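Source file: data_24.txt; contents: compact mmCIF, C-alpha atoms.
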```
# COMPACT_ATOMS: atom_id res chain seq x y z
CA MET I 881 -59.20 18.94 72.26
CA GLY I 882 -59.71 22.42 70.64
CA SER I 883 -62.74 23.81 68.94
CA LEU I 884 -63.75 23.02 65.39
CA SER I 885 -63.13 26.57 64.24
CA GLY I 886 -59.63 26.56 65.72
CA ALA I 887 -58.75 23.31 63.88
CA ARG I 888 -59.97 24.75 60.57
CA ALA I 889 -57.86 27.87 61.10
CA VAL I 890 -54.72 25.77 61.64
CA LEU I 891 -55.43 23.73 58.48
CA ALA I 892 -55.92 26.88 56.44
CA HIS I 893 -52.60 28.25 57.74
CA LEU I 894 -50.76 25.04 56.83
CA GLN I 895 -52.24 25.03 53.31
CA ARG I 896 -51.11 28.61 52.74
CA ARG I 897 -47.65 27.68 53.99
CA GLU I 898 -47.60 24.68 51.62
CA LEU I 899 -48.39 26.94 48.65
CA GLN I 900 -45.63 29.34 49.69
CA LEU I 901 -43.08 26.54 49.90
CA LEU I 902 -44.14 25.12 46.52
CA GLN I 903 -43.74 28.55 44.96
CA GLU I 904 -40.29 28.93 46.52
CA LEU I 905 -39.32 25.47 45.22
CA SER I 906 -40.50 26.42 41.73
CA ASP I 907 -38.51 29.65 41.84
CA VAL I 908 -35.38 27.83 43.03
CA ARG I 909 -35.69 25.27 40.21
CA LYS I 910 -35.96 28.05 37.62
CA VAL I 911 -32.86 29.74 39.00
CA LEU I 912 -31.05 26.37 39.09
CA ALA I 913 -31.89 25.66 35.44
CA ALA I 914 -30.73 29.12 34.39
CA GLN I 915 -27.49 28.71 36.32
CA LYS I 916 -26.82 25.36 34.60
CA VAL I 917 -27.18 27.08 31.22
CA VAL I 918 -24.72 29.77 32.27
CA LEU I 919 -22.30 27.15 33.55
CA ASP I 920 -22.49 25.10 30.32
CA GLU I 921 -21.79 28.19 28.25
CA LEU I 922 -18.81 29.06 30.41
CA VAL I 923 -17.44 25.50 30.09
CA LYS I 924 -17.85 25.58 26.32
CA ALA I 925 -16.19 28.97 26.10
CA SER I 926 -13.23 27.87 28.17
CA ALA I 927 -12.88 24.31 26.79
CA VAL I 928 -9.77 23.51 24.73
CA PRO I 929 -10.59 21.94 21.30
CA TYR I 930 -9.53 18.32 20.99
CA ILE I 931 -7.07 19.13 18.21
CA ASP I 932 -5.33 21.63 20.52
CA ARG I 933 -4.97 19.04 23.26
CA LEU I 934 -2.64 16.97 21.09
CA PRO I 935 1.09 17.22 21.78
CA ASN I 936 3.17 18.92 19.10
CA GLU I 937 4.81 15.63 18.11
CA LEU I 938 1.47 13.98 17.27
CA LEU I 939 0.20 17.13 15.58
CA ALA I 940 3.29 17.11 13.38
CA GLU I 941 2.63 13.51 12.32
CA ILE I 942 -0.89 14.51 11.26
CA PHE I 943 0.42 17.51 9.34
CA LEU I 944 2.84 15.26 7.43
CA LEU I 945 -0.22 13.59 5.88
CA LEU I 946 -1.31 17.04 4.71
CA ARG I 947 2.08 18.16 3.45
CA ASP I 948 0.62 19.73 0.29
CA GLU I 949 -1.64 21.95 2.43
CA ARG I 950 1.21 23.70 4.24
CA LYS I 951 0.11 27.18 3.19
CA ARG I 952 -3.33 26.64 4.68
CA LEU I 953 -2.07 25.01 7.85
CA ILE I 954 0.19 27.89 8.80
CA ARG I 955 -2.78 30.30 8.62
CA VAL I 956 -4.89 28.48 11.21
CA SER I 957 -3.09 29.56 14.38
CA CYS I 958 0.27 30.65 15.71
CA ARG I 959 0.78 27.21 17.22
CA TRP I 960 0.09 25.39 13.96
CA ARG I 961 2.42 27.74 12.12
CA ALA I 962 5.16 27.03 14.63
CA VAL I 963 4.66 23.25 14.36
CA VAL I 964 4.79 23.35 10.56
CA PHE I 965 8.00 25.39 10.48
CA ASP I 966 9.60 23.37 13.28
CA THR I 967 8.97 20.03 11.52
CA GLY I 968 11.81 19.40 9.11
CA ARG I 969 10.04 16.60 7.26
CA MET I 970 7.31 19.06 6.18
CA TRP I 971 9.91 20.63 3.86
CA SER I 972 11.97 17.57 2.88
CA GLU I 973 10.35 16.83 -0.51
CA ILE I 974 11.63 18.85 -3.46
CA ASP I 975 10.40 18.71 -7.07
CA MET I 976 12.82 20.32 -9.52
CA GLU I 977 10.03 20.88 -12.02
CA VAL I 978 7.63 22.60 -9.63
CA ASP I 979 9.78 24.32 -7.02
CA SER I 980 11.79 27.40 -8.00
CA LEU I 981 15.42 27.86 -7.03
CA THR I 982 14.39 30.18 -4.19
CA MET I 983 11.86 27.62 -2.92
CA ARG I 984 14.39 24.81 -3.13
CA LYS I 985 16.90 26.71 -1.05
CA SER I 986 14.20 27.61 1.45
CA TYR I 987 13.06 23.99 1.72
CA LEU I 988 16.60 22.76 2.27
CA LYS I 989 17.05 25.24 5.11
CA ARG I 990 13.71 24.48 6.76
CA SER I 991 14.14 20.71 6.40
CA ARG I 992 17.05 20.92 8.87
CA GLU I 993 18.49 17.40 9.20
CA ALA I 994 15.47 15.49 7.85
CA PRO I 995 16.05 12.87 5.10
CA LEU I 996 15.45 14.44 1.66
CA THR I 997 13.38 13.36 -1.33
CA LEU I 998 14.15 14.79 -4.77
CA THR I 999 12.12 14.40 -7.98
CA ILE I 1000 13.75 15.23 -11.31
CA ARG I 1001 11.98 15.49 -14.66
CA ARG I 1002 13.53 17.98 -17.05
CA VAL I 1003 15.22 20.53 -14.78
CA ILE I 1004 18.66 19.35 -13.67
CA PRO I 1005 19.85 20.18 -10.14
CA GLU I 1006 23.03 22.22 -9.79
CA PRO I 1007 26.08 20.39 -8.35
CA ASP I 1008 26.18 22.76 -5.37
CA PHE I 1009 22.58 21.81 -4.69
CA PHE I 1010 23.54 18.16 -4.21
CA LEU I 1011 26.94 18.31 -2.58
CA PRO I 1012 26.27 20.12 0.71
CA HIS I 1013 23.44 17.70 1.52
CA ALA I 1014 24.85 14.47 0.07
CA ASN I 1015 24.48 12.65 3.38
CA ARG I 1016 20.75 13.48 3.60
CA TRP I 1017 19.40 12.32 0.23
CA HIS I 1018 17.08 9.42 1.06
CA THR I 1019 14.83 9.14 -2.02
CA LEU I 1020 15.60 10.08 -5.61
CA ASN I 1021 13.01 9.90 -8.41
CA VAL I 1022 14.39 10.50 -11.91
CA PHE I 1023 11.74 10.64 -14.64
CA GLY I 1024 13.68 12.69 -17.21
CA SER I 1025 17.17 13.93 -18.10
CA THR I 1026 18.34 10.58 -16.77
CA GLU I 1027 21.74 10.43 -18.49
CA VAL I 1028 22.78 13.89 -17.31
CA THR I 1029 21.48 13.26 -13.80
CA LEU I 1030 23.32 9.95 -13.48
CA SER I 1031 26.55 11.49 -14.75
CA LEU I 1032 26.20 14.12 -12.04
CA ILE I 1033 25.27 12.00 -9.04
CA SER I 1034 27.66 9.18 -9.92
CA GLN I 1035 30.47 11.59 -9.04
CA ILE I 1036 29.03 11.96 -5.54
CA ILE I 1037 28.64 9.39 -2.79
CA LEU I 1038 25.10 9.36 -1.40
CA PRO I 1039 25.52 7.25 1.76
CA SER I 1040 21.91 7.63 2.94
CA LEU I 1041 20.15 6.98 -0.37
CA ARG I 1042 17.67 4.15 0.19
CA HIS I 1043 15.00 4.59 -2.51
CA LEU I 1044 15.81 5.16 -6.20
CA VAL I 1045 13.48 5.35 -9.22
CA LEU I 1046 15.07 5.62 -12.67
CA CYS I 1047 13.18 6.06 -15.93
CA GLY I 1048 15.45 5.06 -18.79
CA ALA I 1049 13.36 5.97 -21.87
CA GLU I 1050 14.89 2.96 -23.67
CA LEU I 1051 18.45 3.73 -22.61
CA SER I 1052 20.66 0.72 -21.88
CA LEU I 1053 21.43 -0.28 -18.32
CA HIS I 1054 24.81 -1.39 -19.60
CA ASP I 1055 25.99 2.24 -19.51
CA VAL I 1056 24.68 3.05 -16.02
CA PRO I 1057 27.45 3.82 -13.53
CA ALA I 1058 27.73 1.12 -10.88
CA MET I 1059 25.35 2.12 -8.11
CA ARG I 1060 27.36 0.26 -5.50
CA SER I 1061 29.97 3.03 -5.77
CA TRP I 1062 27.66 6.04 -5.31
CA ALA I 1063 24.63 4.50 -3.53
CA PRO I 1064 26.20 1.80 -1.35
CA ALA I 1065 23.22 1.50 1.05
CA LEU I 1066 20.42 1.41 -1.54
CA LYS I 1067 17.40 -0.71 -0.49
CA HIS I 1068 14.68 -0.04 -3.09
CA LEU I 1069 15.26 0.27 -6.86
CA GLU I 1070 12.71 0.82 -9.64
CA LEU I 1071 13.87 0.57 -13.26
CA ILE I 1072 11.36 1.83 -15.84
CA ASP I 1073 11.76 1.42 -19.63
CA TRP I 1074 15.41 0.37 -19.69
CA GLU I 1075 17.08 -1.96 -22.14
CA PRO I 1076 18.73 -4.85 -20.28
CA PRO I 1077 22.50 -4.67 -19.82
CA LEU I 1078 24.78 -6.87 -21.90
CA PRO I 1079 25.38 -10.42 -20.62
CA HIS I 1080 28.96 -9.75 -19.52
CA ARG I 1081 27.75 -7.00 -17.17
CA PRO I 1082 24.68 -8.38 -15.40
CA LEU I 1083 22.47 -6.23 -13.22
CA SER I 1084 23.96 -7.63 -10.03
CA GLN I 1085 27.25 -5.96 -10.94
CA ILE I 1086 25.51 -2.60 -11.19
CA VAL I 1087 23.33 -2.55 -8.05
CA PRO I 1088 24.70 -2.77 -4.49
CA GLU I 1089 24.48 -5.95 -2.44
CA SER I 1090 22.28 -4.10 0.08
CA LEU I 1091 19.32 -4.05 -2.36
CA GLU I 1092 16.17 -5.53 -0.80
CA GLU I 1093 13.45 -4.59 -3.29
CA LEU I 1094 13.68 -4.51 -7.10
CA LEU I 1095 10.98 -3.47 -9.58
CA ILE I 1096 11.57 -3.69 -13.34
CA THR I 1097 9.16 -2.44 -16.00
CA CYS I 1098 10.08 -2.80 -19.66
CA ASN I 1099 9.05 -4.52 -22.89
CA HIS I 1100 12.24 -6.55 -23.22
CA ASP I 1101 13.11 -10.09 -22.19
CA TRP I 1102 16.05 -10.50 -19.84
CA ASN I 1103 18.17 -13.38 -21.10
CA PHE I 1104 21.25 -14.13 -19.03
CA GLU I 1105 23.18 -17.22 -18.07
CA LYS I 1106 21.63 -19.39 -15.41
CA ASP I 1107 22.46 -18.25 -11.85
CA SER I 1108 24.60 -15.37 -13.15
CA MET I 1109 22.98 -12.56 -11.12
CA HIS I 1110 23.46 -12.68 -7.36
CA PHE I 1111 21.28 -10.58 -5.05
CA PRO I 1112 22.21 -11.66 -1.51
CA SER I 1113 19.78 -9.27 0.28
CA LEU I 1114 16.86 -9.17 -2.18
CA ARG I 1115 13.49 -9.85 -0.49
CA ARG I 1116 10.88 -8.49 -2.92
CA LEU I 1117 10.92 -8.73 -6.72
CA THR I 1118 8.35 -7.20 -9.07
CA LEU I 1119 8.57 -7.74 -12.82
CA ASP I 1120 6.62 -6.22 -15.68
CA VAL I 1121 8.66 -7.68 -18.52
CA GLY I 1122 7.97 -9.83 -21.53
CA ASP I 1123 8.86 -13.25 -20.09
CA PRO I 1124 9.80 -13.55 -16.40
CA ILE I 1125 11.19 -17.10 -16.53
CA PRO I 1126 14.65 -16.28 -18.01
CA PHE I 1127 15.11 -13.60 -15.36
CA LEU I 1128 14.14 -16.03 -12.60
CA GLU I 1129 16.54 -18.62 -13.98
CA ALA I 1130 19.36 -16.07 -13.98
CA ILE I 1131 19.02 -14.74 -10.43
CA VAL I 1132 20.25 -16.16 -7.16
CA ALA I 1133 18.34 -14.59 -4.27
CA PRO I 1134 18.36 -16.78 -1.14
CA LYS I 1135 16.32 -14.26 0.90
CA LEU I 1136 13.62 -13.63 -1.70
CA ALA I 1137 10.19 -13.79 -0.02
CA SER I 1138 7.82 -12.04 -2.44
CA PHE I 1139 7.38 -12.15 -6.23
CA SER I 1140 4.92 -10.09 -8.28
CA PHE I 1141 4.40 -10.18 -12.02
CA THR I 1142 2.25 -8.25 -14.48
CA PRO I 1143 1.44 -10.39 -17.54
CA ASP I 1144 0.80 -8.97 -20.98
CA ASP I 1145 -0.55 -10.27 -24.28
CA LYS I 1146 2.73 -11.91 -25.23
CA GLU I 1147 2.18 -14.70 -27.75
CA SER I 1148 4.47 -17.16 -26.00
CA PHE I 1149 6.30 -17.65 -22.72
CA SER I 1150 8.90 -20.12 -21.55
CA GLU I 1151 7.39 -23.59 -21.21
CA THR I 1152 9.79 -24.89 -18.57
CA PHE I 1153 11.90 -23.67 -15.69
CA THR I 1154 15.42 -25.06 -15.55
CA GLY I 1155 16.11 -24.12 -11.93
CA THR I 1156 15.76 -26.50 -9.01
CA LYS I 1157 12.58 -26.77 -6.92
CA MET I 1158 14.50 -25.52 -3.90
CA LYS I 1159 15.72 -22.32 -5.58
CA PHE I 1160 12.80 -20.18 -4.37
CA ILE I 1161 11.67 -22.28 -1.44
CA ASN I 1162 11.66 -19.20 0.85
CA VAL I 1163 9.22 -17.26 -1.32
CA SER I 1164 5.93 -17.07 0.58
CA TYR I 1165 3.97 -14.55 -1.53
CA LEU I 1166 3.04 -14.65 -5.23
CA ALA I 1167 1.02 -11.94 -6.98
CA LEU I 1168 -0.15 -11.65 -10.58
CA SER I 1169 -1.74 -8.28 -11.20
CA ASP I 1170 -4.59 -7.37 -13.52
CA MET I 1171 -4.38 -9.10 -16.87
CA ARG I 1172 -4.36 -7.01 -20.03
CA GLU I 1173 -5.73 -9.89 -22.03
CA VAL I 1174 -6.76 -13.41 -21.09
CA ASN I 1175 -5.15 -16.12 -23.20
CA GLU I 1176 -3.89 -19.66 -22.85
CA GLU I 1177 -0.26 -18.54 -22.65
CA ASN I 1178 -1.02 -16.53 -19.52
CA PHE I 1179 -2.70 -19.58 -17.98
CA ARG I 1180 0.28 -21.80 -18.73
CA LEU I 1181 2.66 -19.20 -17.33
CA PHE I 1182 0.65 -18.97 -14.12
CA GLU I 1183 0.77 -22.72 -13.60
CA LEU I 1184 4.51 -22.70 -14.29
CA LEU I 1185 5.01 -19.93 -11.71
CA CYS I 1186 3.07 -21.99 -9.17
CA GLN I 1187 5.57 -24.78 -9.80
CA VAL I 1188 8.54 -22.42 -9.51
CA PHE I 1189 7.21 -20.92 -6.26
CA SER I 1190 5.72 -24.10 -4.82
CA GLY I 1191 6.39 -22.99 -1.22
CA ILE I 1192 4.14 -19.91 -1.28
CA ARG I 1193 1.66 -19.39 1.56
CA HIS I 1194 -0.25 -16.44 0.13
CA THR I 1195 -1.22 -15.56 -3.42
CA ASP I 1196 -2.90 -12.51 -4.90
CA ILE I 1197 -4.31 -13.11 -8.39
CA HIS I 1198 -6.87 -11.80 -10.87
CA VAL I 1199 -10.19 -13.60 -11.09
CA ALA I 1200 -9.39 -14.62 -14.69
CA TYR I 1201 -6.88 -17.16 -13.36
CA LEU I 1202 -9.49 -19.21 -11.50
CA PRO I 1203 -9.98 -21.76 -14.32
CA THR I 1204 -6.27 -22.54 -14.06
CA LEU I 1205 -6.26 -22.52 -10.28
CA PHE I 1206 -9.28 -24.86 -10.03
CA PRO I 1207 -9.87 -26.61 -13.39
CA ASN I 1208 -12.93 -28.83 -13.85
CA HIS I 1209 -10.75 -31.83 -14.65
CA GLY I 1210 -7.37 -32.91 -13.36
CA PRO I 1211 -4.99 -31.14 -10.99
CA GLY I 1212 -4.90 -27.36 -10.86
CA ALA I 1213 -2.16 -24.81 -10.42
CA ILE I 1214 -2.90 -24.60 -6.71
CA ASP I 1215 -2.01 -28.27 -6.27
CA HIS I 1216 1.63 -27.35 -6.79
CA CYS I 1217 1.49 -25.04 -3.77
CA THR I 1218 1.47 -27.47 -0.88
CA ARG I 1219 1.90 -24.77 1.80
CA ILE I 1220 -0.79 -22.38 0.58
CA GLU I 1221 -2.81 -20.69 3.37
CA SER I 1222 -4.68 -17.79 1.79
CA LEU I 1223 -6.01 -16.50 -1.53
CA ASP I 1224 -6.83 -12.93 -2.54
CA ILE I 1225 -8.92 -12.89 -5.72
CA GLN I 1226 -8.96 -9.49 -7.46
CA GLY I 1227 -11.39 -8.09 -10.02
CA ILE I 1228 -14.60 -9.79 -8.87
CA VAL I 1229 -17.62 -8.53 -10.86
CA LEU I 1230 -21.08 -9.42 -9.60
CA GLY I 1231 -23.63 -10.73 -12.06
CA SER I 1232 -21.75 -13.90 -12.93
CA PHE I 1233 -21.82 -16.94 -10.63
CA GLN I 1234 -18.94 -18.64 -12.47
CA PRO I 1235 -16.14 -17.36 -10.17
CA LEU I 1236 -18.01 -18.48 -7.05
CA GLN I 1237 -18.80 -21.83 -8.65
CA ASP I 1238 -15.11 -22.33 -9.54
CA LEU I 1239 -14.09 -21.47 -5.98
CA VAL I 1240 -16.69 -23.72 -4.37
CA TYR I 1241 -15.72 -26.59 -6.66
CA GLY I 1242 -12.03 -26.15 -5.89
CA PHE I 1243 -12.40 -25.74 -2.14
CA GLU I 1244 -14.84 -28.63 -1.75
CA LYS I 1245 -12.44 -30.79 -3.73
CA ARG I 1246 -9.66 -29.82 -1.30
CA MET I 1247 -11.89 -30.81 1.62
CA ARG I 1248 -12.59 -34.22 0.09
CA PHE I 1249 -8.84 -34.83 -0.15
CA GLY I 1250 -8.32 -33.76 3.46
CA GLN I 1251 -6.41 -30.57 2.62
CA ARG I 1252 -6.49 -27.53 4.88
CA LYS I 1253 -9.15 -24.86 4.53
CA LEU I 1254 -7.86 -21.61 3.08
CA HIS I 1255 -8.49 -18.01 4.03
CA LEU I 1256 -10.21 -16.25 1.13
CA LYS I 1257 -10.48 -12.55 0.29
CA LEU I 1258 -12.67 -11.41 -2.61
CA THR I 1259 -11.86 -7.93 -3.91
CA GLY I 1260 -14.35 -6.23 -6.22
CA ASN I 1261 -13.58 -4.55 -9.51
CA ARG I 1262 -13.40 -0.82 -8.78
CA PHE I 1263 -15.48 -0.10 -11.90
CA MET I 1264 -18.18 -2.55 -10.84
CA ASP I 1265 -21.81 -1.43 -10.85
CA LYS I 1266 -22.60 -0.85 -7.16
CA VAL I 1267 -26.31 -1.42 -7.80
CA VAL I 1268 -25.73 -5.16 -8.20
CA MET I 1269 -25.24 -6.70 -4.77
CA LEU I 1270 -24.08 -10.02 -3.42
CA ASN I 1271 -26.74 -11.98 -1.57
CA THR I 1272 -24.80 -13.47 1.31
CA SER I 1273 -27.71 -15.74 2.19
CA ASP I 1274 -27.44 -17.41 -1.20
CA THR I 1275 -26.76 -21.15 -0.98
CA LEU I 1276 -23.66 -20.93 -3.20
CA PHE I 1277 -22.06 -18.25 -1.04
CA GLN I 1278 -22.86 -20.15 2.15
CA ARG I 1279 -21.24 -23.26 0.69
CA LEU I 1280 -18.18 -21.14 -0.03
CA GLN I 1281 -18.05 -19.98 3.59
CA GLU I 1282 -18.35 -23.53 4.86
CA CYS I 1283 -15.35 -24.77 2.91
CA CYS I 1284 -13.06 -21.81 3.76
CA ALA I 1285 -11.27 -20.94 6.97
CA SER I 1286 -12.56 -17.38 6.48
CA VAL I 1287 -14.14 -15.23 3.77
CA VAL I 1288 -13.59 -11.47 3.59
CA LEU I 1289 -15.30 -9.16 1.08
CA ASP I 1290 -13.53 -5.99 0.01
CA GLY I 1291 -15.25 -3.49 -2.28
CA ILE I 1292 -18.15 -5.86 -2.96
CA PRO I 1293 -21.61 -4.47 -2.11
CA VAL I 1294 -23.76 -6.93 -0.19
CA SER I 1295 -27.53 -7.16 0.21
CA PRO I 1296 -29.03 -5.51 3.31
CA GLN I 1297 -28.94 -8.75 5.29
CA LEU I 1298 -26.29 -8.74 8.00
CA TYR I 1299 -22.91 -9.95 6.72
CA LEU I 1300 -20.33 -11.18 9.19
CA PRO I 1301 -16.89 -12.28 7.88
CA THR I 1302 -16.24 -15.88 8.91
```

Starting from the coordinates I provided, produce the structure as C-alpha cells.
Amino acid sequence: MGSLSGARAVLAHLQRRELQLLQELSDVRKVLAAQKVVLDELVKASAVPYIDRLPNELLAEIFLLLRDERKRLIRVSCRWRAVVFDTGRMWSEIDMEVDSLTMRKSYLKRSREAPLTLTIRRVIPEPDFFLPHANRWHTLNVFGSTEVTLSLISQIILPSLRHLVLCGAELSLHDVPAMRSWAPALKHLELIDWEPPLPHRPLSQIVPESLEELLITCNHDWNFEKDSMHFPSLRRLTLDVGDPIPFLEAIVAPKLASFSFTPDDKESFSETFTGTKMKFINVSYLALSDMREVNEENFRLFELLCQVFSGIRHTDIHVAYLPTLFPNHGPGAIDHCTRIESLDIQGIVLGSFQPLQDLVYGFEKRMRFGQRKLHLKLTGNRFMDKVVMLNTSDTLFQRLQECCASVVLDGIPVSPQLYLPT
C-alpha cells in the first residue's frame, strides 16, 4: 500500500486527464455538428427536384393539363421546352377565331400525328387547311358560320372524327348533309338550337349508326312517328327540348343506358307514354338537371319518366323533385323504379329541414315495406351560404343515416363535429 500523498497525486492526475478527455469530446461534437451542416447543404445543392425526377412521358401528361400556359412552360428550362415541343397533343387544339393563319400552320406542324380539335365561330377554314389532315380531325366544334362550314366539310371524308358540336342558330336539320357519308365513325354529337328535320327524313337518317352519345338543345318539340328513328349504338341521350316524350316514343335505341333531361317552364307535357315498358329496360341512369321553375307539370313529367325508365339503378335529380319522389300520401315516383340503388339529390340548401324530412319519411317507408336501403348523395347548392352548417349529430340526420346504405355529403358544410360517411 502506498502513501497517502502518493494516492492523492494519482487522483489529481486522473481528474486532469478526465477534464482533458471531456474537452476533446466537446470539440469533436462541435466539429461533427458543423460537418453535418456542411453535408446537408451539399445534399440539398446536389439533390434533383421532384418534378425533374419524372419521366418525360409523365411530365407531358401534366403539361397537357396546362396547355394554355405553353409560353410560360417553355421558359422554365431547356428540358421543359423540349418536352412541350416534342408533345404533339400540346399543339393539337386550334381555334379559328383566336389563332392566326401563321399560328394555325405552326400548330399543325408541331402537332405531328396527334388527333386534332378545331373550333369554328366566324372565321371559315380554307379547304387546303382541312384536306391534308382529314384523317386526323378528331373533334370539331362549330358555333358560327355553320352552313358554310357544313358545305365545306361534307365534301371531305373525316374518318377519325369522333366528337362533333353543331350550333344551328335556328337552321333546319332537314338540310344538313348526311353525316354518315362524311363522318362515318362519329361517336358524340351535340345539336344546339336546330329546328327538327321533317318527318320523312328523321335524325337517324342523318347521323351515322356508330353514334353513341347524343345531346340536343332547342326550344322545339320533336314529333315523329313511333319507333321511326333507329340508333343501334346509342348509349347516352341528353335532351333539353320542350317535351321529351314524343322523342322517346320515336326512337329505338336497344343499347341506351343513360338519359338526362333539362325541364323548363313549359305549360304542358305529354300525359302518357305509348311505348312498351320493355323499350328502355337497359337504361340504368336517369338525370333531371336544375329546374328553371317548379310547377305541377314538371312533377307529372318526372313521375312519367320514372315509369318510362322503370329499370334505372341510379338517379340524379334536383331537390325540388322530392315531393314527387316521396309524397306524403300514396305511392311516389320512386316506387316505379324497382331496381333503384342510389340517389343523388342536387341543390340542397341548408336552413330548411323539409328536404331531410321528405327523405327520412320516404326511406323509413321503404324499410317498413322491406325494400332495400339506398345509397344517398346530397350535393349542396353552389350559391349556398357557407356560414350555415349541417349538424350531423342532429336526430333527423342520424335517422337518415340509419335508413340508408350510405350517406355522402358534397359541397355541404358540416358542424365541427367529426363527420364520417356511412

For segment 1009-1017 of chain I: contacts at 9 Å, all atoms listed in the file, fewer than 3 positions along chain excluded, given as a compact mmCIF listing (two decimals) with C-alpha atoms, in the frame of the given file:
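Done, and the output landed in out.txt:
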```txt
# COMPACT_ATOMS: atom_id res chain seq x y z
CA ARG I 984 14.39 24.81 -3.13
CA LYS I 985 16.90 26.71 -1.05
CA LEU I 988 16.60 22.76 2.27
CA GLU I 993 18.49 17.40 9.20
CA ALA I 994 15.47 15.49 7.85
CA PRO I 995 16.05 12.87 5.10
CA LEU I 996 15.45 14.44 1.66
CA THR I 997 13.38 13.36 -1.33
CA LEU I 998 14.15 14.79 -4.77
CA PRO I 1005 19.85 20.18 -10.14
CA GLU I 1006 23.03 22.22 -9.79
CA LEU I 1020 15.60 10.08 -5.61
CA ILE I 1033 25.27 12.00 -9.04
CA ILE I 1036 29.03 11.96 -5.54
CA ILE I 1037 28.64 9.39 -2.79
CA LEU I 1038 25.10 9.36 -1.40
CA PRO I 1039 25.52 7.25 1.76
CA SER I 1040 21.91 7.63 2.94
CA LEU I 1041 20.15 6.98 -0.37
CA ARG I 1042 17.67 4.15 0.19
```

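In this structure, atom CA of Glu1093 of chain I sits 8.6 Å away from atom CA of Ser1113 of chain I.
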
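Rounded to one decimal, atom CA of Leu1053 of chain I and atom CA of Phe1141 of chain I lie 20.7 Å from each other.
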
Next item on the list: Find the spatial neighbours of Arg1180 of chain I, counting all atoms listed in the file, within a cut-off of 9 Å - ignore same-chain residues fewer than 5 positions away - and output them as a list of chain:residue names.
Entry: I:Phe1149, I:Glu1151, I:Leu1185, I:Thr1204

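Compared by their closest atoms to Lys1253 of chain I, and using all atoms listed in the file, the residues I:Arg909, I:His1080, I:Arg1219, I:Lys1067 rank with I:Arg1219 nearest.
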
Quiz item: Hey, what's within 10 Å of Phe1206 of chain I if we count all atoms listed in the file and toss same-chain stuff fewer than 3 positions away? As a list in words, please?
Solution: Tyr1201, Leu1202, Pro1203, His1209, Gly1210, Pro1211, Gly1212, Ala1213, Ile1214, Asp1215, Asp1238, Leu1239, Val1240, Tyr1241, Gly1242, Phe1243 and Lys1245 of chain I

Could you give me, as a tab-separated table, a per-residue list for segment 918-1025 of chain I showing, wherever an atom lies at most 12 Å from an atom of segment 910-914 of chain I, the closest pair of atoms and their distance in Å to one decimal, using all atoms listed in the file and sorting by chain then residue number from low to high?
```
residue	atom	partner	partner_atom	distance
I:Val918	CA	I:Ala914	CA	6.4
I:Leu919	CA	I:Ala914	CA	8.7
I:Asp920	CA	I:Ala914	CA	10.0
I:Glu921	CA	I:Ala914	CA	10.9
```

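Between Thr1026 of chain I and the candidates I:Ile942, I:Ala1065, I:Ile1004, I:Leu901, the tightest atom-to-atom separation, counting only C-alpha atoms, involves I:Ile1004.
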
Atom pair atom CA of Gln1187 of chain I + atom CA of Asn1099 of chain I, distance 24.4 Å

Using all atoms listed in the file, the shortest atom-to-atom distance to Asn1021 of chain I among I:Glu1282, I:Arg1060, I:Ala1049, I:Leu1069 belongs to I:Leu1069

Around (12.4, -13.9, -19.0) in the file's own coordinates, what residues are found within 8 Å if you use all atoms listed in the file, given back as a ChimeraX atom specification? /I:1101-1103,1121-1128,1150

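Neighbouring residues of Phe943 of chain I at 12 Å or closer, counting all atoms listed in the file and skipping chain neighbours under 6 positions away, are Ile931, Asn936, Glu937, Glu949, Arg950, Lys951, Arg952, Leu953, Ile954, Trp960, Arg961, Ala962, Val963, Val964, Phe965, Asp966, Thr967, Gly968, Arg969, Met970 and Trp971 of chain I.
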
Selection from above, C-alpha atoms, as a compact mmCIF listing (two decimals), keeping the file's coordinate frame, can you write it?
```txt
# COMPACT_ATOMS: atom_id res chain seq x y z
CA ILE I 931 -7.07 19.13 18.21
CA ASN I 936 3.17 18.92 19.10
CA GLU I 937 4.81 15.63 18.11
CA GLU I 949 -1.64 21.95 2.43
CA ARG I 950 1.21 23.70 4.24
CA LYS I 951 0.11 27.18 3.19
CA ARG I 952 -3.33 26.64 4.68
CA LEU I 953 -2.07 25.01 7.85
CA ILE I 954 0.19 27.89 8.80
CA TRP I 960 0.09 25.39 13.96
CA ARG I 961 2.42 27.74 12.12
CA ALA I 962 5.16 27.03 14.63
CA VAL I 963 4.66 23.25 14.36
CA VAL I 964 4.79 23.35 10.56
CA PHE I 965 8.00 25.39 10.48
CA ASP I 966 9.60 23.37 13.28
CA THR I 967 8.97 20.03 11.52
CA GLY I 968 11.81 19.40 9.11
CA ARG I 969 10.04 16.60 7.26
CA MET I 970 7.31 19.06 6.18
CA TRP I 971 9.91 20.63 3.86
```

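When all atoms listed in the file are used to measure the gap to Ser1052 of chain I, the shortest distance among I:Met1247, I:Leu1032, I:Val978, I:Leu1083 belongs to I:Leu1083.
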
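Using only C-alpha atoms, the nearest neighbour of His1198 of chain I within the list I:Asn1178, I:Thr1218, I:Ser1025, I:Gln1226 is I:Gln1226.
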
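Residues surrounding Val1294 of chain I within 8 Å are I:Met1269, I:Leu1270, I:Asn1271, I:Thr1272 [only C-alpha atoms; sequence separation below 6 positions excluded].
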